[in-house]
$ cat my_file_28.cif   # mmCIF, C-alpha atoms
data_coords
loop_
_atom_site.label_atom_id
_atom_site.label_comp_id
_atom_site.auth_asym_id
_atom_site.auth_seq_id
_atom_site.Cartn_x
_atom_site.Cartn_y
_atom_site.Cartn_z
CA MET K 61 37.67 115.82 148.95
CA SER K 62 36.41 117.57 145.87
CA VAL K 63 32.83 116.81 144.96
CA GLY K 64 32.12 117.03 141.23
CA LYS K 65 33.84 120.35 140.54
CA SER K 66 36.83 119.11 138.57
CA SER K 67 36.82 118.67 134.83
CA THR K 68 38.71 115.37 134.75
CA PRO K 69 36.82 112.03 135.04
CA LEU K 70 38.67 111.15 138.28
CA GLY K 71 38.09 114.61 139.71
CA LYS K 72 34.37 114.28 139.05
CA VAL K 73 33.93 111.05 141.03
CA ARG K 74 36.27 111.79 143.96
CA GLY K 75 34.26 112.19 147.16
CA LEU K 76 31.06 110.84 145.61
CA GLY K 77 29.02 107.83 146.76
CA SER K 78 27.05 107.29 149.96
CA ALA K 79 30.25 106.98 152.00
CA ARG K 80 31.99 109.80 150.05
CA HIS K 81 34.61 107.32 148.92
CA GLY K 82 34.25 108.04 145.20
CA GLY K 83 37.29 106.88 143.29
CA GLU K 84 39.53 106.45 146.34
CA HIS K 85 40.03 102.70 145.83
CA TRP K 86 41.06 103.33 142.23
CA LEU K 87 43.39 106.15 143.27
CA THR K 88 44.89 104.26 146.22
CA GLU K 89 45.75 101.38 143.90
CA ARG K 90 47.72 103.75 141.69
CA VAL K 91 49.44 105.62 144.50
CA THR K 92 50.56 102.34 146.14
CA SER K 93 51.75 101.14 142.72
CA ILE K 94 54.15 104.09 142.48
CA ALA K 95 55.42 103.38 146.00
CA LEU K 96 55.95 99.72 145.06
CA LEU K 97 57.82 100.73 141.94
CA LEU K 98 60.41 102.23 144.30
CA LEU K 99 60.22 99.60 147.07
CA GLY K 100 60.26 96.63 144.68
CA THR K 101 63.27 98.01 142.85
CA TRP K 102 64.93 98.62 146.22
CA LEU K 103 64.35 94.98 147.27
CA ILE K 104 65.76 93.50 144.07
CA ALA K 105 68.73 95.89 143.99
CA SER K 106 69.47 95.12 147.67
CA LEU K 107 69.38 91.35 147.12
CA LEU K 108 71.68 91.68 144.11
CA LEU K 109 74.14 93.91 145.99
CA LEU K 110 74.35 91.88 149.23
CA PRO K 111 77.67 90.01 149.42
CA LYS K 112 75.98 86.74 150.46
CA LEU K 113 72.42 85.49 150.79
CA ASP K 114 72.82 83.52 154.03
CA GLN K 115 70.80 84.06 157.20
CA ARG K 116 73.49 86.05 159.04
CA THR K 117 73.81 88.53 156.15
CA MET K 118 70.02 88.93 155.98
CA VAL K 119 69.80 89.64 159.73
CA GLU K 120 72.55 92.27 159.53
CA TRP K 121 70.89 93.88 156.52
CA LEU K 122 67.41 94.01 158.10
CA ARG K 123 68.72 95.12 161.50
CA ALA K 124 70.01 98.39 160.03
CA PRO K 125 67.42 101.17 159.58
CA SER K 126 68.31 101.34 155.88
CA GLY K 127 67.04 97.76 155.54
CA ALA K 128 64.29 97.59 158.19
CA VAL K 129 62.41 100.77 157.25
CA PRO K 130 61.98 100.12 153.50
CA MET K 131 61.08 96.49 154.29
CA ALA K 132 58.40 97.65 156.76
CA LEU K 133 56.98 99.92 154.06
CA LEU K 134 57.19 97.13 151.48
CA ILE K 135 55.15 94.83 153.74
CA ILE K 136 52.43 97.40 154.46
CA VAL K 137 52.14 98.83 150.95
CA GLY K 138 52.63 95.45 149.24
CA PHE K 139 49.81 93.71 151.11
CA ARG K 140 47.55 96.75 150.70
CA HIS K 141 48.14 96.89 146.94
CA ALA K 142 47.63 93.12 146.64
CA LEU K 143 44.34 93.37 148.54
CA ASP K 144 43.15 96.26 146.34
CA GLY K 145 44.18 94.40 143.17
CA MET K 146 42.59 91.10 144.20
CA LYS K 147 39.36 92.97 144.93
CA VAL K 148 39.27 94.26 141.34
CA VAL K 149 39.84 90.75 139.99
CA ILE K 150 37.25 89.19 142.31
CA ASP K 151 34.65 91.90 141.62
CA ASP K 152 35.16 91.35 137.88
CA TYR K 153 34.96 87.56 137.79
CA VAL K 154 32.78 86.52 140.75
CA HIS K 155 29.26 87.57 139.89
CA GLU K 156 27.18 86.07 142.68
CA GLU K 157 26.87 88.55 145.57
CA GLY K 158 27.42 86.05 148.40
CA SER K 159 30.46 84.41 146.80
CA ARG K 160 31.97 87.76 146.01
CA PHE K 161 31.60 88.84 149.63
CA ALA K 162 33.11 85.54 150.81
CA TRP K 163 36.11 85.82 148.45
CA ASN K 164 36.76 89.46 149.35
CA THR K 165 36.54 88.63 153.07
CA LEU K 166 38.92 85.69 152.63
CA MET K 167 41.41 87.98 150.86
CA LEU K 168 41.10 90.58 153.62
CA PHE K 169 41.88 87.96 156.27
CA LEU K 170 44.80 86.56 154.24
CA ALA K 171 46.23 90.04 153.61
CA VAL K 172 45.96 91.20 157.23
CA GLY K 173 47.20 87.86 158.58
CA GLY K 174 50.11 87.69 156.13
CA ALA K 175 51.11 91.29 156.76
CA ALA K 176 51.00 90.72 160.54
CA LEU K 177 53.21 87.62 160.28
CA ALA K 178 55.69 89.36 157.98
CA PHE K 179 55.75 92.44 160.22
CA TYR K 180 56.21 90.36 163.37
CA SER K 181 59.14 88.57 161.71
CA LEU K 182 60.73 91.82 160.61
CA ALA K 183 60.26 93.32 164.09
CA ARG K 184 62.04 90.33 165.67
CA ILE K 185 64.96 90.76 163.28
CA ALA K 186 65.13 94.56 163.46
CA PHE K 187 64.92 94.72 167.26
CA GLY K 188 67.69 92.19 167.71
CA ALA K 189 65.68 89.17 168.92
CA VAL K 190 67.37 86.92 166.34
CA ALA K 191 70.75 85.34 166.94
CA MET Z 29 44.67 92.58 125.30
CA ALA Z 30 47.46 90.17 126.20
CA ALA Z 31 49.29 92.83 128.20
CA SER Z 32 46.12 93.51 130.18
CA ILE Z 33 45.37 89.88 131.08
CA PHE Z 34 49.05 89.25 131.92
CA HIS Z 35 48.92 92.27 134.21
CA ARG Z 36 46.09 90.63 136.13
CA ALA Z 37 47.59 87.15 136.10
CA SER Z 38 50.99 88.41 137.26
CA GLY Z 39 49.26 90.51 139.93
CA VAL Z 40 47.46 87.45 141.30
CA ALA Z 41 50.73 85.47 141.16
CA LEU Z 42 52.53 88.20 143.12
CA SER Z 43 49.70 88.54 145.66
CA ILE Z 44 49.66 84.84 146.49
CA GLY Z 45 53.12 83.56 145.50
CA GLY Z 46 55.22 86.69 145.85
CA LEU Z 47 53.90 87.83 149.22
CA GLY Z 48 53.69 84.22 150.40
CA VAL Z 49 57.38 83.63 149.69
CA LEU Z 50 58.33 87.06 151.10
CA THR Z 51 56.52 86.26 154.36
CA TRP Z 52 57.97 82.74 154.61
CA TRP Z 53 61.45 84.11 153.89
CA LEU Z 54 61.17 86.83 156.60
CA TYR Z 55 59.75 84.30 159.07
CA ALA Z 56 62.64 81.93 158.29
CA ILE Z 57 65.24 84.69 158.85
CA ALA Z 58 63.53 85.59 162.15
CA THR Z 59 63.32 81.98 163.33
CA GLY Z 60 67.00 81.09 162.89
CA ALA Z 61 69.64 79.34 160.83
CA ASP Z 62 67.81 75.97 160.73
CA ALA Z 63 64.54 77.45 159.47
CA TYR Z 64 66.50 79.51 156.95
CA ALA Z 65 68.29 76.37 155.73
CA THR Z 66 64.87 74.74 155.17
CA PHE Z 67 63.77 77.76 153.17
CA THR Z 68 66.99 77.80 151.10
CA LYS Z 69 66.69 74.06 150.42
CA ALA Z 70 63.15 74.53 149.09
CA ALA Z 71 64.18 77.62 147.11
CA MET Z 72 67.11 75.83 145.46
CA HIS Z 73 65.03 72.75 144.58
CA PRO Z 74 64.22 72.73 140.82
CA ILE Z 75 60.52 73.35 141.55
CA GLY Z 76 61.44 76.11 144.00
CA LEU Z 77 63.65 77.75 141.38
CA ILE Z 78 60.86 77.60 138.81
CA VAL Z 79 58.53 79.28 141.32
CA LEU Z 80 61.10 81.99 142.13
CA VAL Z 81 61.87 82.64 138.46
CA GLY Z 82 58.09 82.82 137.87
CA ILE Z 83 57.66 85.31 140.72
CA SER Z 84 60.50 87.52 139.48
CA TRP Z 85 59.17 87.42 135.92
CA SER Z 86 55.68 88.27 137.26
CA PHE Z 87 57.22 91.18 139.18
CA PHE Z 88 58.88 92.70 136.10
CA GLN Z 89 55.88 92.01 133.86
CA HIS Z 90 53.49 93.58 136.39
CA LEU Z 91 55.86 96.52 136.91
CA LEU Z 92 56.17 97.27 133.19
CA THR Z 93 52.48 96.82 132.32
CA GLY Z 94 51.76 98.83 135.47
CA ILE Z 95 53.86 101.75 134.20
CA ARG Z 96 52.12 101.39 130.82
CA HIS Z 97 48.71 101.56 132.53
CA LEU Z 98 49.75 104.63 134.53
CA VAL Z 99 50.68 106.37 131.28
CA MET Z 100 47.36 105.29 129.72
CA ASP Z 101 45.51 106.60 132.83
CA THR Z 102 46.60 110.06 131.73
CA GLY Z 103 44.81 109.51 128.43
CA ALA Z 104 48.02 109.00 126.44
CA ALA Z 105 49.24 106.08 124.31
CA PHE Z 106 45.85 104.87 123.05
CA GLU Z 107 46.89 105.17 119.37
CA LEU Z 108 47.06 101.68 117.87
CA GLY Z 109 50.74 101.86 116.91
CA ILE Z 110 52.22 103.06 120.20
CA ASN Z 111 49.70 100.99 122.16
CA LYS Z 112 50.81 97.77 120.50
CA THR Z 113 54.51 98.63 120.57
CA SER Z 114 54.41 99.45 124.28
CA ALA Z 115 52.54 96.17 124.99
CA VAL Z 116 55.19 94.16 123.15
CA LEU Z 117 57.95 96.08 124.94
CA THR Z 118 56.57 95.03 128.36
CA PHE Z 119 57.09 91.37 127.42
CA VAL Z 120 60.55 91.93 125.94
CA GLY Z 121 61.55 93.99 128.97
CA SER Z 122 60.26 91.54 131.58
CA VAL Z 123 62.03 88.56 129.96
CA VAL Z 124 65.31 90.48 129.59
CA LEU Z 125 65.22 91.76 133.19
CA THR Z 126 64.32 88.32 134.61
CA ALA Z 127 67.10 86.62 132.61
CA ALA Z 128 69.59 89.32 133.68
CA ILE Z 129 68.99 89.00 137.44
CA TRP Z 130 69.06 85.19 137.36
CA PHE Z 131 72.26 84.99 135.33
CA TYR Z 132 73.77 87.38 137.87
CA LEU Z 133 72.34 85.58 140.95
CA LEU Z 134 73.27 82.07 139.84
CA GLY Z 135 76.69 83.33 138.75
CA VAL Z 136 77.34 84.79 142.22
CA ALA Z 137 76.00 81.68 143.97
CA LYS Z 138 78.63 79.51 142.26
#

$ encode --input "my_file_28.cif" --output "structure tokens"
Amino acid sequence: MSVGKSSTPLGKVRGLGSARHGGEHWLTERVTSIALLLLGTWLIASLLLLPKLDQRTMVEWLRAPSGAVPMALLIIVGFRHALDGMKVVIDDYVHEEGSRFAWNTLMLFLAVGGAALAFYSLARIAFGAVA
Amino acid sequence: MAASIFHRASGVALSIGGLGVLTWWLYAIATGADAYATFTKAAMHPIGLIVLVGISWSFFQHLLTGIRHLVMDTGAAFELGINKTSAVLTFVGSVVLTAAIWFYLLGVAK
């Protein structure tokens, strides 16, 4: 990580702070947003192009690597971006230290739990455990 | 101003509603035809449709204001004219895109 040598505002803060995290949260949010631009468009285009929207069609779609891999990425990146975004909102509107910690912890648990459930479901479908 | 607060509101809606529905939908597919039928029944209920239309509108709104923010992160588009025009365009774009996919989806479903 660069430490204060760049001339741009982001470059100046990258790698700073006691944990050398600098602007990584800010940057991660933007990098995941670009990934979701692609993955979100992929999801909507896929749903529009599928011949039917019944369970059998969904299983066939998500069993193929062309469906399973982008969906796996969408789950991971989507929950990560949501967690990063909710943290910004919580940090902005919840002013009391204890409540802020509680809300951020709740969001972390929800994001990790939700991602695990979604990933487990996708794994079942992709690895052929669904009739 | 409005574009900024809608970016946050749509982001919260997508985090809770969007990912919630995505997870439920994947779980229903993985569980079987009966669970999927329950999901479809809820999704096709008038309230379910309103929620889904809201999620898709949130997606497009968040996507377009997100692109606008990425451009502004580079230091561009802060002039009053282009700033306001681009904010208005995010709303026009999100409504048009949402209407387009639902006309298509409901047309195919028939």

$ resolve_selection --input "my_file_28.cif" --expression "the PyMOL selection byres ((chain K) within 8 of (chain Z))" --output "JSON, numbers by chain"
{"K": [90, 93, 97, 108, 115, 116, 118, 119, 138, 139, 142, 143, 145, 146, 149, 174, 175, 177, 178, 181, 182, 184, 185, 189, 190, 191]}

$ resolve_selection --input "my_file_28.cif" --expression "the PyMOL selection byres ((chain K and resi 107) around 12)" --output "list in words"
Gly100, Thr101, Trp102, Leu103, Ile104, Ala105, Ser106, Leu108, Leu109, Leu110, Pro111, Lys112, Leu113, Asp114, Thr117, Met118, Trp121, Leu122 and Gly127 of chain K; Ile129, Trp130, Tyr132, Leu133 and Val136 of chain Z

$ atom_distance --input "my_file_28.cif" --atom1 "CA of Met131 (chain K)" --atom2 "CA of Tyr180 (chain K)"
12.0 Å

$ resolve_selection --input "my_file_28.cif" --expression "the PyMOL selection byres ((chain K and resi 83-86) around 7)" --output "list in words"
Leu70, Val73, Arg74, His81, Gly82, Leu87, Thr88, Glu89 and Arg90 of chain K

$ atom_distance --input "my_file_28.cif" --atom1 "CA of Asp151 (chain K)" --atom2 "CA of Thr165 (chain K)"
12.1 Å

$ atom_distance --input "my_file_28.cif" --atom1 "CA of Arg96 (chain Z)" --atom2 "CA of Val137 (chain K)"
20.3 Å

$ residues_around --input "my_file_28.cif" --residues "Tyr153 (chain K)" --least-positions-apart "5" --cutoff "12 Å" --atoms "all atoms listed in the file" --output "PyMOL selection string"
(chain K and resi 146-148+159-160+163-164) or (chain Z and resi 36)

$ write_last_selection --input "my_file_28.cif" --atoms "C-alpha atoms" --output "compact mmCIF listing (two decimals), in the frame of the given file"
# COMPACT_ATOMS: atom_id res chain seq x y z
CA MET K 146 42.59 91.10 144.20
CA LYS K 147 39.36 92.97 144.93
CA VAL K 148 39.27 94.26 141.34
CA SER K 159 30.46 84.41 146.80
CA ARG K 160 31.97 87.76 146.01
CA TRP K 163 36.11 85.82 148.45
CA ASN K 164 36.76 89.46 149.35
CA ARG Z 36 46.09 90.63 136.13
